[in-house]
Amino acid sequence: MKVIVVGSGPAGVSVTKGLLERGCKVTLLDVGNTLETDKQVLLDTIQKSDALPHIESLRYPANAKNKMKLPYGSNFIYAGVKEYFSWDVQNCYFSPSFAQGGLSNVWGGAIAEYTQDDLSNWPVSCRDLSSYYSDIISWLGKYYISDTSSVLSQQAHYLKNVWQKHFVEFEKKGFSFGQATLAIDFNQCRLCGSCQYGCPYQLIYNTSIHLDLLKLNADFNYINDVVVENFSEDKNEVVVHIKNKKNFQLDKVYADRLFVACGAGLSSLLYLRALNKPGKELYLKDSQHFILPCLLDKPFKGVESEALHVLCQLKASLTEENVSSFPVYLQFYTYMDLYLQEMKNKLRWVFPLVKPFLNSWIRRLVVIQGYLNSKESNQLAIQYQSANKFKIKKSQSKSTSTTIRKVVRYLKKHKNELALKPLHFLLMQSLTGQSNHVTGSLPMSDHPQEDEVDIWGRPRHFNRVHFVDGSILPSMPAGPITLTIMANAYRIGKEGPL
Ligand SMILES: Cc1cc2nc3c(=O)[nH]c(=O)nc-3n(C[C@H](O)[C@H](O)[C@H](O)COP(=O)(O)OP(=O)(O)OC[C@H]3O[C@@H](n4cnc5c(N)ncnc54)[C@H](O)[C@@H]3O)c2cc1C
Ligand code: SF4
C-alpha cells in the first residue's frame with residue numbers, strides 16, 4: 001500500500017501519525033520552505049548561549065492592520081505560492097503557506113477543544129473527537145500545559161482577580177473567562193517578550209518538531225521542494241502531478257491513497273484545479289476578526305521591563321443573544337513593545353511630542369482580539385478561472401460591523417466590572433480571511449453532496465483522495481481551530497479506509 005500525504009503543517013503531521021501507527025508506509029510530499037540560513041544560524045547561536053539575545057535583525061516593523069506576521073522578520077512561510085497557484089483577491093485576505101510546518105511557524109499557539117455544542121452539526125459518526133483530542137494533547141507533550149497562572153503578566157493577574165470576584169454576575173451577563181491555553185514549552189520559556197516576532201528559543205510549538213520525530217520512523221519518507229500541482233484518480237490508483245521547485249521538472253507519482261493537507265486555502269485551489277471546471281466556485285468560511293484596544297482602570301508601573309510572554313494571556317466567551325446569535329470569542333493581550341511601535345507608525349512626527357503622555361496609556365493598554373462564529377461572518381468565494389488563475393473575493397454581506405459594534409457597546413456597558421474601558425474609536429475590523437481562521441470549503445457530511453466530503457474527507461467522485469485539513473470542518477465556532485484540525489486529521493489517518 002503506497003500512501004502519500006501532502007503538507008507538513010498541523011493537519012499533515014497528524015494524519016501521518018495516525019497512518020504510521022497503523023503500520024502504513026507513508027511518503028510526505030511538501031514544498032517545505034525553511035528559514036533563511038543566516039537567520040537560522042543566529043537562532044542556533046542564541047539558543048546555545050545563555051545571554052539575552054540581541055535580535056534586532058530577527059524583528060520587523062509590525063502593523064497590526066495591514067501587515068502579515070513575519071516570523072523572525074522573514075517572508076519564508078508565504079514565499080513562492082503565487083508562482084504555482086496564481087490568484088487575484090478582491091476586498092479580502094488570502095495568504096497560504098508553502099513552509100515546512102505551514103502556518104504553525106507563525107501561529108499564536110492558542111489551543112482549545114470544540115465543545116459538544118460546536119460539534120453538534122458534524123456528522124453523527126465523527127462527532128466524538130474526545131479520544132483524538134487526548135492523543136494529540138499527549139503528543140504535544142511539553143508544549144502543552146493547561147494551567148498558565150504562573151506565567152501570567154501582572155496586568156493579566158489583576159484582570160483575572162477582578163473577574164473572579166464578579167464571577168457570578170459575569171455568568172448571568174453571558175461572560176465566561178479563563179486563562180489562555182497555549183502550545184508553548186513554558187518550562188524553558190525565558191519570558192523574554194519576543195513571541196510576536198518569532199520565539200528566539202523556538203519554544204512555541206511548530207509542527208517541524210513532530211516532523212523531525214516522524215523522520216526517525218523507518219516507514220516514513222519526507223520529500224521536500226516538491227509542489228503538488230494536481231491529482232487525478234482512476235479505479236486502481238491516484239496520480240499525483242508534481243513539480244520540483246528547484247529544477248522545475250514535472251513528474252508523476254502514483255499512490256493507493258492520497259491525503260491532502262495543504263491548508264484550507266490551498267487545498268480548495270487544488271480541488272478546483274483537479275475538477276477543472278472554469279467558473280466553478282467554492283466558499284471558504286471565515287471567522288470575522290477584530291482588534292479592540294482597551295484601557296485598564298489603573299496603570300501598571302514597570303510593565304516595559306516586566307518578564308512576560310506576549311501571546312494571548314486571557315480568554316473570554318460572550319454568549320448574549322442581544323449581541324450575537326452565537327458565542328463571541330475574545331483573546332486578551334497585555335503589554336508588549338509592539339504597542340509603542342504601532343503608535344510610532346501611526347503618529348509619525350507627532351510621536352516624540354506625545355510620547356510622555358502615551359507612556360501612561362501604555363501602562364494601561366490591553367488589546368482584545370475578537371472573533372465571530374463563521375455563521376455570522378462573510379466567506380471567501382474562490383472561483384476557478386483556468387488551471388493557473390483563481391479569483392478570490394468576499395462573498396455574502398453579513399452585517400459583521402453591526403455585531404462587532406454590539407460587542408463593543410456591551411463591553412462598554414460593563415466596563416467598571418471588567419476593569420477595562422474599550423477605546424471604540426481605535427476599533428479595527430479585519431478583512432474577510434484575515435482572522436487566519438478559515439475552514440469548511442468542503443464540509444464533511446454523512447451524505448455528501450457536490451463539494452462536500454464523507455467522514456473520511458473524500459469528495460464525491462473520489463474514492464482514494466482524502467482531504468484532511470481545515471477545509472473539511474463542517475462548523476467554525478469563534479476561537480482556536482488548530483487542535484480540532486489536528487484531532488480530526490489524526491482520526492482519519494487512524495481509522496479511515498485503506
Ligand atoms: C498569524 C497566525 C496566527 C494564528 N494563530 C492561531 C492560534 O493561536 N490558534 C489556532 O488554533 N490557530 C491559529 N492560526 C491558524 C493555524 O496556523 C492553522 O489553523 C494551521 O496552521 C492549519 O494547519 P494545516 O496543516 O491545515 O495547514 P498549513 O499550516 O497551512 O500547512 C500547509 C502545508 O502544506 C504544504 N503545501 C501547501 N500546498 C502544497 C502543495 N501544493 N504541494 C506540496 N505541499 C504543499 C505547505 O508547505 C505546508 O507544509 C494562526 C494562523 C496565523 C497565520
Ligand atoms: S516569552 Fe515567548 S519568545 Fe520568549 S522564550 Fe517565551 S515563548 Fe519564547
# chains A, B, ... in the order shown; residues from 1 in each chain; ligands from 1
$ residues_around --residues "segment 30-39 of chain A" --least-positions-apart "2" --cutoff "6 Å" --atoms "only C-alpha atoms" --output "number ranges by chain"
A: 6-7, 41-42, 76, 98-100, 224-227
$ closest_atom_pairs --of "chain A" --to "ligand 1" --cutoff "6 Å" --atoms "only C-alpha atoms and all ligand atoms" --output "CSV"
residue,atom,partner,partner_atom_place_in_ligand_line,distance
A:Val6,CA,ligand 1,44 (N),5.3
A:Gly7,CA,ligand 1,34 (O),3.2
A:Ser8,CA,ligand 1,49 (O),3.7
A:Gly9,CA,ligand 1,25 (O),3.5
A:Pro10,CA,ligand 1,25 (O),3.8
A:Ala11,CA,ligand 1,25 (O),3.7
A:Gly12,CA,ligand 1,25 (O),5.4
A:Leu29,CA,ligand 1,43 (C),5.7
A:Asp30,CA,ligand 1,44 (N),3.7
A:Val31,CA,ligand 1,44 (N),4.4
A:Gly32,CA,ligand 1,47 (O),4.5
A:Lys69,CA,ligand 1,1 (C),5.4
A:Pro96,CA,ligand 1,30 (O),5.8
A:Ser97,CA,ligand 1,30 (O),5.0
A:Phe98,CA,ligand 1,47 (O),3.5
A:Ala99,CA,ligand 1,47 (O),4.2
A:Gln100,CA,ligand 1,49 (O),4.5
A:Gly101,CA,ligand 1,49 (O),4.8
A:Gly102,CA,ligand 1,31 (O),3.5
A:Leu103,CA,ligand 1,29 (O),3.8
A:Ser104,CA,ligand 1,21 (O),4.5
A:Val106,CA,ligand 1,1 (C),5.3
A:Trp107,CA,ligand 1,4 (C),3.4
A:Gly108,CA,ligand 1,8 (O),3.4
A:Gly109,CA,ligand 1,8 (O),4.2
A:Ala110,CA,ligand 1,8 (O),3.7
A:Ile111,CA,ligand 1,11 (O),5.3
A:Val226,CA,ligand 1,43 (C),5.7
A:Val227,CA,ligand 1,42 (N),3.7
A:Val228,CA,ligand 1,42 (N),3.7
A:Glu229,CA,ligand 1,41 (N),5.5
A:Ala261,CA,ligand 1,25 (O),5.6
A:Cys262,CA,ligand 1,34 (O),3.5
A:Gly263,CA,ligand 1,27 (O),3.2
A:Ala264,CA,ligand 1,26 (O),5.7
A:Leu266,CA,ligand 1,38 (N),5.5
A:Asn436,CA,ligand 1,51 (C),4.7
A:His437,CA,ligand 1,15 (C),5.6
A:Asp469,CA,ligand 1,26 (O),4.3
A:Gly470,CA,ligand 1,26 (O),5.3
A:Pro480,CA,ligand 1,11 (O),3.6
A:Ile481,CA,ligand 1,11 (O),4.0
A:Thr482,CA,ligand 1,11 (O),3.7
$ write_last_selection --atoms "N, CA and C atoms" --output "tab-separated table (two decimals), in the first residue's frame"
chain	number	residue	atom	x	y	z
A	6	VAL	N	0.22	15.12	1.58
A	6	VAL	CA	0.77	16.39	1.08
A	6	VAL	C	0.67	17.44	2.17
A	7	GLY	N	1.81	17.98	2.59
A	7	GLY	CA	1.82	19.07	3.56
A	7	GLY	C	2.31	18.63	4.93
A	8	SER	N	3.14	19.49	5.56
A	8	SER	CA	3.72	19.15	6.86
A	8	SER	C	3.24	20.09	7.96
A	9	GLY	N	2.09	20.75	7.72
A	9	GLY	CA	1.51	21.59	8.77
A	9	GLY	C	0.79	20.71	9.79
A	10	PRO	N	0.01	21.32	10.68
A	10	PRO	CA	-0.67	20.56	11.73
A	10	PRO	C	-1.50	19.39	11.19
A	11	ALA	N	-2.22	19.59	10.07
A	11	ALA	CA	-3.05	18.51	9.55
A	11	ALA	C	-2.17	17.39	8.98
A	12	GLY	N	-1.12	17.75	8.25
A	12	GLY	CA	-0.26	16.77	7.60
A	12	GLY	C	0.46	15.86	8.60
A	29	LEU	N	4.91	14.53	0.84
A	29	LEU	CA	5.41	15.49	-0.14
A	29	LEU	C	5.13	16.89	0.38
A	30	ASP	N	6.12	17.75	0.28
A	30	ASP	CA	5.96	19.07	0.89
A	30	ASP	C	6.77	20.09	0.09
A	31	VAL	N	6.25	21.29	-0.03
A	31	VAL	CA	7.11	22.34	-0.58
A	31	VAL	C	8.22	22.59	0.44
A	32	GLY	N	7.78	22.87	1.69
A	32	GLY	CA	8.74	22.83	2.80
A	32	GLY	C	9.77	23.95	2.85
A	69	LYS	N	2.07	38.67	9.60
A	69	LYS	CA	3.01	38.37	10.69
A	69	LYS	C	4.18	37.60	10.08
A	96	PRO	N	-1.82	31.83	2.03
A	96	PRO	CA	-1.48	30.47	2.46
A	96	PRO	C	0.03	30.26	2.50
A	97	SER	N	0.42	29.09	2.98
A	97	SER	CA	1.84	28.87	3.24
A	97	SER	C	2.42	27.68	2.48
A	98	PHE	N	3.67	27.86	2.07
A	98	PHE	CA	4.45	26.79	1.45
A	98	PHE	C	5.60	26.37	2.38
A	99	ALA	N	5.47	26.63	3.68
A	99	ALA	CA	6.61	26.38	4.58
A	99	ALA	C	6.58	24.98	5.16
A	100	GLN	N	7.74	24.49	5.52
A	100	GLN	CA	7.79	23.28	6.34
A	100	GLN	C	7.14	23.66	7.68
A	101	GLY	N	6.10	22.94	8.04
A	101	GLY	CA	5.36	23.32	9.26
A	101	GLY	C	4.21	24.26	8.97
A	102	GLY	N	4.11	24.75	7.73
A	102	GLY	CA	2.98	25.60	7.33
A	102	GLY	C	2.83	26.82	8.23
A	103	LEU	N	1.59	27.16	8.53
A	103	LEU	CA	1.32	28.37	9.31
A	103	LEU	C	1.62	28.18	10.80
A	104	SER	N	1.99	26.95	11.20
A	104	SER	CA	2.37	26.77	12.60
A	104	SER	C	3.70	27.47	12.90
A	106	VAL	N	4.00	30.53	12.55
A	106	VAL	CA	3.68	31.92	12.86
A	106	VAL	C	2.45	32.03	13.76
A	107	TRP	N	1.85	30.90	14.09
A	107	TRP	CA	0.57	30.98	14.81
A	107	TRP	C	0.76	31.50	16.23
A	108	GLY	N	-0.38	31.79	16.88
A	108	GLY	CA	-0.32	32.34	18.23
A	108	GLY	C	-0.30	31.27	19.30
A	109	GLY	N	-0.38	30.01	18.91
A	109	GLY	CA	-0.27	28.91	19.87
A	109	GLY	C	-1.50	28.68	20.74
A	110	ALA	N	-2.58	29.45	20.51
A	110	ALA	CA	-3.77	29.28	21.36
A	110	ALA	C	-4.50	28.00	20.97
A	111	ILE	N	-4.78	27.15	21.95
A	111	ILE	CA	-5.48	25.91	21.61
A	111	ILE	C	-6.72	25.73	22.48
A	226	VAL	N	8.94	19.93	-3.31
A	226	VAL	CA	8.02	19.36	-4.29
A	226	VAL	C	6.67	20.08	-4.18
A	227	VAL	N	6.20	20.61	-5.30
A	227	VAL	CA	4.88	21.24	-5.31
A	227	VAL	C	3.90	20.27	-5.96
A	228	VAL	N	2.87	19.89	-5.23
A	228	VAL	CA	1.81	19.06	-5.83
A	228	VAL	C	0.91	20.02	-6.61
A	229	GLU	N	0.87	19.83	-7.93
A	229	GLU	CA	0.14	20.78	-8.76
A	229	GLU	C	-1.26	20.29	-9.12
A	261	ALA	N	-3.28	17.80	2.74
A	261	ALA	CA	-3.23	18.63	3.95
A	261	ALA	C	-2.45	19.91	3.62
A	262	CYS	N	-2.92	20.61	2.57
A	262	CYS	CA	-2.19	21.81	2.11
A	262	CYS	C	-2.63	23.07	2.84
A	263	GLY	N	-3.50	22.94	3.85
A	263	GLY	CA	-4.11	24.11	4.47
A	263	GLY	C	-5.40	24.39	3.72
A	264	ALA	N	-6.42	24.90	4.45
A	264	ALA	CA	-7.76	25.00	3.85
A	264	ALA	C	-7.76	25.78	2.53
A	266	LEU	N	-5.18	26.42	0.18
A	266	LEU	CA	-4.54	25.76	-0.97
A	266	LEU	C	-5.21	24.43	-1.31
A	436	ASN	N	-7.20	34.44	9.82
A	436	ASN	CA	-6.37	33.23	9.67
A	436	ASN	C	-7.09	32.01	10.20
A	437	HIS	N	-8.35	32.15	10.52
A	437	HIS	CA	-9.20	31.01	10.88
A	437	HIS	C	-10.15	30.84	9.69
A	469	ASP	N	-7.51	18.57	6.09
A	469	ASP	CA	-7.20	19.78	6.87
A	469	ASP	C	-8.48	20.54	7.21
A	470	GLY	N	-8.32	21.83	7.53
A	470	GLY	CA	-9.47	22.63	7.93
A	470	GLY	C	-10.54	22.76	6.85
A	480	PRO	N	-9.97	29.22	18.70
A	480	PRO	CA	-8.90	28.45	18.05
A	480	PRO	C	-9.42	27.23	17.29
A	481	ILE	N	-8.76	26.91	16.17
A	481	ILE	CA	-9.23	25.83	15.30
A	481	ILE	C	-8.22	24.69	15.16
A	482	THR	N	-6.95	24.97	15.46
A	482	THR	CA	-5.90	24.04	15.03
A	482	THR	C	-5.91	22.71	15.77
$ closest_residue --among "A:Leu292, A:Ile404, A:Val5, A:Ala387" --to "Phe85 of chain A" --atoms "only C-alpha atoms"
A:Ala387
$ select_by_dssp --residues "segment 70-122 of chain A" --states "helix (DSSP H, G or I)" --output "list in words"
Pro71, Tyr72, Gly73, Val81, Lys82, Glu83, Gly102, Leu103, Ser104 and Asn105 of chain A
$ closest_atom_pairs --of "chain A" --to "ligand 2" --cutoff "10 Å" --atoms "only C-alpha atoms and all ligand atoms" --output "CSV"
residue,atom,partner,partner_atom_place_in_ligand_line,distance
A:Gly109,CA,ligand 2,7 (S),9.6
A:Val151,CA,ligand 2,1 (S),9.4
A:Leu182,CA,ligand 2,7 (S),9.6
A:Ala183,CA,ligand 2,7 (S),9.3
A:Ile184,CA,ligand 2,7 (S),6.1
A:Asp185,CA,ligand 2,7 (S),7.3
A:Phe186,CA,ligand 2,6 (Fe),6.7
A:Asn187,CA,ligand 2,6 (Fe),9.2
A:Gln188,CA,ligand 2,5 (S),7.1
A:Cys189,CA,ligand 2,6 (Fe),3.9
A:Arg190,CA,ligand 2,5 (S),4.3
A:Leu191,CA,ligand 2,1 (S),3.6
A:Cys192,CA,ligand 2,4 (Fe),3.9
A:Gly193,CA,ligand 2,1 (S),4.5
A:Ser194,CA,ligand 2,3 (S),4.0
A:Cys195,CA,ligand 2,3 (S),3.6
A:Gln196,CA,ligand 2,3 (S),7.3
A:Tyr197,CA,ligand 2,3 (S),7.6
A:Gly198,CA,ligand 2,3 (S),6.4
A:Cys199,CA,ligand 2,3 (S),3.7
A:Pro200,CA,ligand 2,3 (S),5.9
A:Tyr201,CA,ligand 2,8 (Fe),5.6
A:Gln202,CA,ligand 2,8 (Fe),6.3
A:Leu203,CA,ligand 2,8 (Fe),5.3
A:Ile204,CA,ligand 2,7 (S),5.5
A:Tyr205,CA,ligand 2,7 (S),9.2
A:Ala307,CA,ligand 2,1 (S),7.9
A:Leu308,CA,ligand 2,1 (S),5.8
A:His309,CA,ligand 2,1 (S),3.8
A:Val310,CA,ligand 2,2 (Fe),6.4
A:Leu311,CA,ligand 2,2 (Fe),7.2
$ closest_residue --among "A:Lys25, A:Lys344, A:His466, A:Lys298" --to "Phe259 of chain A" --atoms "only C-alpha atoms"
A:His466
$ select_by_dssp --residues "segment 176-324 of chain A" --states "strand (DSSP E or B)" --output "ChimeraX atom specification"
/A:176-179,182,184,192,204,220-223,226-233,238-244,250-255,257-260,281-286,289-296,308,314-318
$ atom_distance --atom1 "atom CA of Arg273 of chain A" --atom2 "atom CA of Phe467 of chain A"
14.2 Å
$ residues_around --residues "Tyr329 of chain A" --least-positions-apart "4" --cutoff "9 Å" --atoms "only C-alpha atoms" --output "list in words"
Lys315, Ala316, Ser317, Leu318, Gln369, Gly370, Tyr371, Leu372, Asn373, Pro477, Ala478 and Gly479 of chain A
$ closest_residue --among "A:Leu119, A:Ile136, A:Leu216, A:Leu431" --to "Ser475 of chain A" --atoms "only C-alpha atoms"
A:Leu119
$ closest_residue --among "A:Ser435, A:Asn345, A:Ser125, A:Ser305" --to "His447 of chain A" --atoms "only C-alpha atoms"
A:Ser125
$ residues_around --residues "Ser386 of chain A" --least-positions-apart "4" --cutoff "9 Å" --atoms "only C-alpha atoms" --output "PyMOL selection string"
chain A and resi 273+276-279+390
$ closest_residue --among "A:Pro71, A:Gly457, A:Pro327, A:Pro443" --to "Thr403 of chain A" --atoms "only C-alpha atoms"
A:Pro327
$ closest_residue --among "A:Tyr254, A:Phe220, A:Phe300, A:Tyr144" --to "Glu233 of chain A" --atoms "only C-alpha atoms"
A:Tyr254
$ decode --residues "segment 121-244 of chain A" --atoms "C-alpha atoms" --output "short mmCIF file (atom, residue, chain, number, x, y, z; two decimals), in the first residue's frame"
data_model
loop_
_atom_site.label_atom_id
_atom_site.label_comp_id
_atom_site.auth_asym_id
_atom_site.auth_seq_id
_atom_site.Cartn_x
_atom_site.Cartn_y
_atom_site.Cartn_z
CA ASN A 121 -23.71 19.75 13.28
CA TRP A 122 -20.84 17.39 12.45
CA PRO A 123 -21.79 14.01 11.01
CA VAL A 124 -23.02 11.82 13.89
CA SER A 125 -20.37 9.17 13.34
CA CYS A 126 -17.42 11.54 13.80
CA ARG A 127 -18.83 13.93 16.36
CA ASP A 128 -16.97 12.40 19.27
CA LEU A 129 -13.41 13.68 19.00
CA SER A 130 -12.56 13.26 22.69
CA SER A 131 -10.08 10.39 22.37
CA TYR A 132 -8.35 12.06 19.38
CA TYR A 133 -8.06 15.33 21.29
CA SER A 134 -6.42 13.46 24.21
CA ASP A 135 -4.00 11.68 21.88
CA ILE A 136 -2.95 14.92 20.19
CA ILE A 137 -2.62 16.70 23.54
CA SER A 138 -0.35 13.95 24.89
CA TRP A 139 1.61 14.12 21.61
CA LEU A 140 2.16 17.85 22.27
CA GLY A 141 3.89 16.71 25.47
CA LYS A 142 5.94 19.53 26.98
CA TYR A 143 4.29 22.01 24.58
CA TYR A 144 1.04 21.71 26.49
CA ILE A 145 0.32 22.94 29.99
CA SER A 146 -3.27 23.59 30.91
CA ASP A 147 -2.56 25.89 33.86
CA THR A 148 -0.75 29.04 32.78
CA SER A 149 -1.32 31.02 36.01
CA SER A 150 2.39 31.01 36.89
CA VAL A 151 3.24 32.81 33.64
CA LEU A 152 0.51 35.46 33.61
CA SER A 153 1.66 39.07 33.32
CA GLN A 154 0.91 41.41 36.22
CA GLN A 155 -1.85 43.10 34.19
CA ALA A 156 -3.42 39.73 33.38
CA HIS A 157 -3.20 38.67 37.04
CA TYR A 158 -5.01 41.83 38.03
CA LEU A 159 -7.79 41.29 35.50
CA LYS A 160 -8.16 37.64 36.41
CA ASN A 161 -8.55 38.51 40.11
CA VAL A 162 -11.10 41.26 39.40
CA TRP A 163 -13.10 38.98 37.12
CA GLN A 164 -13.04 36.16 39.64
CA LYS A 165 -14.63 38.47 42.24
CA HIS A 166 -17.54 39.17 39.88
CA PHE A 167 -17.76 35.59 38.66
CA VAL A 168 -21.48 35.05 39.43
CA GLU A 169 -22.66 38.39 37.92
CA PHE A 170 -20.49 37.81 34.86
CA GLU A 171 -22.03 34.41 34.30
CA LYS A 172 -25.50 35.99 34.35
CA LYS A 173 -24.31 38.55 31.83
CA GLY A 174 -23.08 35.87 29.46
CA PHE A 175 -19.34 36.13 30.10
CA SER A 176 -17.11 33.19 30.87
CA PHE A 177 -13.45 33.88 31.44
CA GLY A 178 -10.32 31.76 31.61
CA GLN A 179 -6.57 31.72 31.12
CA ALA A 180 -5.42 31.03 27.61
CA THR A 181 -4.14 27.53 26.88
CA LEU A 182 -1.00 27.87 24.78
CA ALA A 183 1.16 25.33 22.96
CA ILE A 184 4.42 26.63 24.43
CA ASP A 185 7.18 24.87 26.33
CA PHE A 186 6.74 27.10 29.38
CA ASN A 187 9.30 25.13 31.41
CA GLN A 188 12.03 26.56 29.17
CA CYS A 189 10.36 29.90 28.45
CA ARG A 190 12.57 32.91 29.34
CA LEU A 191 9.58 35.29 29.44
CA CYS A 192 11.60 37.49 27.09
CA GLY A 193 8.58 39.12 25.42
CA SER A 194 9.65 38.36 21.85
CA CYS A 195 6.88 35.89 20.94
CA GLN A 196 5.23 38.12 18.33
CA TYR A 197 8.47 38.28 16.31
CA GLY A 198 9.09 34.52 16.49
CA CYS A 199 10.44 32.88 19.63
CA PRO A 200 14.28 33.12 19.59
CA TYR A 201 14.40 29.83 21.55
CA GLN A 202 11.81 28.14 19.28
CA LEU A 203 9.61 27.22 22.23
CA ILE A 204 6.27 27.91 20.54
CA TYR A 205 5.03 24.61 19.12
CA ASN A 206 5.71 24.24 15.42
CA THR A 207 4.94 21.02 13.55
CA SER A 208 8.55 20.75 12.31
CA ILE A 209 9.23 19.45 15.84
CA HIS A 210 6.99 16.44 15.16
CA LEU A 211 8.19 16.13 11.57
CA ASP A 212 11.72 15.55 12.92
CA LEU A 213 10.39 12.77 15.16
CA LEU A 214 8.40 11.20 12.31
CA LYS A 215 11.60 11.12 10.24
CA LEU A 216 13.04 8.63 12.75
CA ASN A 217 10.38 6.11 11.72
CA ALA A 218 11.67 3.67 9.06
CA ASP A 219 8.21 3.64 7.40
CA PHE A 220 8.26 7.39 6.84
CA ASN A 221 9.80 9.26 3.94
CA TYR A 222 9.85 13.07 3.76
CA ILE A 223 10.39 14.71 0.37
CA ASN A 224 10.54 18.48 0.24
CA ASP A 225 10.97 21.03 -2.58
CA VAL A 226 8.02 19.36 -4.29
CA VAL A 227 4.88 21.24 -5.31
CA VAL A 228 1.81 19.06 -5.83
CA GLU A 229 0.14 20.78 -8.76
CA ASN A 230 -2.75 18.44 -9.48
CA PHE A 231 -4.10 14.94 -8.99
CA SER A 232 -6.46 12.52 -10.66
CA GLU A 233 -7.85 9.14 -9.75
CA ASP A 234 -8.76 6.01 -11.63
CA LYS A 235 -10.09 2.68 -10.37
CA ASN A 236 -6.74 1.44 -9.12
CA GLU A 237 -4.67 4.41 -8.09
CA VAL A 238 -4.20 8.12 -7.65
CA VAL A 239 -1.89 10.02 -9.98
CA VAL A 240 -0.17 12.95 -8.29
CA HIS A 241 1.28 15.64 -10.57
CA ILE A 242 4.33 17.25 -9.03
CA LYS A 243 6.84 19.92 -9.94
CA ASN A 244 10.33 20.07 -8.47
#
